[in-house]
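Structure data (mmCIF, C-alpha atoms) from run22.cif:
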```cif
data_run
#
loop_
_atom_site.label_atom_id
_atom_site.label_comp_id
_atom_site.auth_asym_id
_atom_site.auth_seq_id
_atom_site.Cartn_x
_atom_site.Cartn_y
_atom_site.Cartn_z
CA MET A 407 -7.20 21.88 15.25
CA THR A 408 -3.87 21.97 13.45
CA GLU A 409 -1.52 20.30 15.94
CA GLY A 410 -0.46 16.68 16.36
CA ILE A 411 -1.61 14.51 13.46
CA TYR A 412 -4.16 17.08 12.23
CA PRO A 413 -1.78 18.88 9.83
CA TRP A 414 -1.75 15.64 7.78
CA ARG A 415 -5.20 14.13 8.46
CA ARG A 416 -8.41 16.05 9.07
CA HIS A 417 -10.26 13.08 10.62
CA PRO A 418 -7.70 10.75 12.25
CA GLN A 419 -10.04 9.65 15.03
CA ASN A 420 -12.61 8.40 12.55
CA VAL A 421 -9.97 6.62 10.46
CA GLY A 422 -9.03 4.81 13.66
CA TRP A 423 -12.63 3.87 14.40
CA ILE A 424 -13.21 2.54 10.89
CA GLY A 425 -9.96 0.57 11.01
CA ALA A 426 -10.84 -0.87 14.41
CA GLN A 427 -14.30 -1.90 13.24
CA PHE A 428 -12.94 -3.68 10.18
CA GLY A 429 -10.19 -5.28 12.26
CA ILE A 430 -12.60 -6.61 14.87
CA ALA A 431 -14.92 -7.94 12.15
CA ILE A 432 -12.02 -9.70 10.42
CA LEU A 433 -10.60 -11.14 13.65
CA GLY A 434 -14.09 -12.29 14.63
CA HIS A 435 -14.68 -13.88 11.20
CA SER A 436 -17.93 -11.92 11.00
CA ALA A 437 -19.47 -11.27 7.61
CA LEU A 438 -22.18 -9.21 9.31
CA GLY A 439 -19.45 -7.20 11.05
CA LEU A 440 -17.77 -6.51 7.71
CA LEU A 441 -21.09 -5.45 6.22
CA MET A 442 -21.85 -3.15 9.14
CA SER A 443 -18.32 -1.70 9.01
CA THR A 444 -18.79 -0.93 5.33
CA VAL A 445 -22.15 0.71 5.97
CA PHE A 446 -20.64 2.80 8.76
CA ALA A 447 -17.71 3.85 6.55
CA VAL A 448 -20.09 5.03 3.79
CA ILE A 449 -22.28 6.94 6.27
CA PHE A 450 -19.14 8.48 7.77
CA LEU A 451 -17.91 9.68 4.36
CA VAL A 452 -21.25 11.34 3.62
CA TYR A 453 -21.26 12.99 7.06
CA VAL A 454 -17.67 14.22 6.65
CA ARG A 455 -18.41 15.85 3.30
CA ASN A 456 -21.33 17.73 4.82
CA GLU A 457 -19.33 18.70 7.89
CA GLU A 458 -16.47 20.03 5.78
CA ARG A 459 -18.87 22.14 3.70
CA HIS A 460 -20.26 23.60 6.91
CA LEU A 461 -16.78 24.30 8.32
CA GLN A 462 -15.78 25.99 5.08
CA PHE A 463 -18.87 28.18 5.34
CA LEU A 464 -18.05 29.06 8.97
CA PHE A 465 -14.30 29.63 8.66
CA GLY A 466 -13.88 30.53 4.99
CA ALA A 467 -10.40 30.95 3.53
CA PRO A 468 -8.42 29.64 6.54
CA TYR A 469 -10.33 26.34 6.46
CA LEU A 470 -9.98 26.09 2.69
CA ALA A 471 -6.20 26.55 3.06
CA TYR A 472 -6.17 23.84 5.75
CA LYS A 473 -8.11 21.49 3.44
CA GLN A 474 -5.58 22.07 0.66
CA ARG A 475 -2.59 21.13 2.83
CA SER A 476 -4.13 18.15 4.63
CA HIS A 477 -5.82 14.91 3.57
CA ARG A 478 -9.33 13.93 4.51
CA LEU A 479 -8.53 10.35 5.49
CA PHE A 480 -5.42 8.89 3.87
CA GLY A 481 -2.79 10.57 1.80
#
```

Could you take the file, read its structure, and then write that structure out as structure tokens?
Amino acid sequence: MTEGIYPWRRHPQNVGWIGAQFGIAILGHSALGLLMSTVFAVIFLVYVRNEERHLQFLFGAPYLAYKQRSHRLFG
């Protein structure tokens, strides 16, 4: 996927989810929500690293070129 926001961010949907989770926890004044959002963010980062290794194995040089010109989350 290289259209829309994807040329700049490889995982924009997950950035949105993480931001929403932190936002809801902050608006709800929930320490547990902040803790759970942090845990989710860490799990997500581990998952993304594994997924990107797998995609690089599947697609090779084209995916590596895409990784070099786009940011994982923020850039």

List the residues matched by the PyMOL selection byres ((chain A and resi 415) around 9) in the displayed structure as a compact mmCIF listing (two decimals) with C-alpha atoms, keeping the file's coordinate frame, ordered by chain and then by residue number.
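Result went into expr-v9.txt, see below:
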```txt
# COMPACT_ATOMS: atom_id res chain seq x y z
CA ILE A 411 -1.61 14.51 13.46
CA TYR A 412 -4.16 17.08 12.23
CA PRO A 413 -1.78 18.88 9.83
CA TRP A 414 -1.75 15.64 7.78
CA ARG A 416 -8.41 16.05 9.07
CA HIS A 417 -10.26 13.08 10.62
CA PRO A 418 -7.70 10.75 12.25
CA SER A 476 -4.13 18.15 4.63
CA HIS A 477 -5.82 14.91 3.57
CA ARG A 478 -9.33 13.93 4.51
CA LEU A 479 -8.53 10.35 5.49
CA PHE A 480 -5.42 8.89 3.87
CA GLY A 481 -2.79 10.57 1.80
```

- [ ] Tell me, in Å to one decimal, how far CA of Leu470 in chain A is from CA of Val421 in chain A.
- [x]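 Taking CA of Leu470 in chain A as the start and CA of Val421 in chain A as the end point, the length is 21.0 Å.
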
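Going from CA of Leu438 in chain A over to CA of Val452 in chain A, you cover 21.3 Å.
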
Open item on the list: Expand the PyMOL selection byres ((chain A and resi 440-450) around 12) into the explicit residue set it covers here, and present it as a VMD selection string.
Closed with: chain A and resid 417 419 to 439 451 to 457 478 to 479
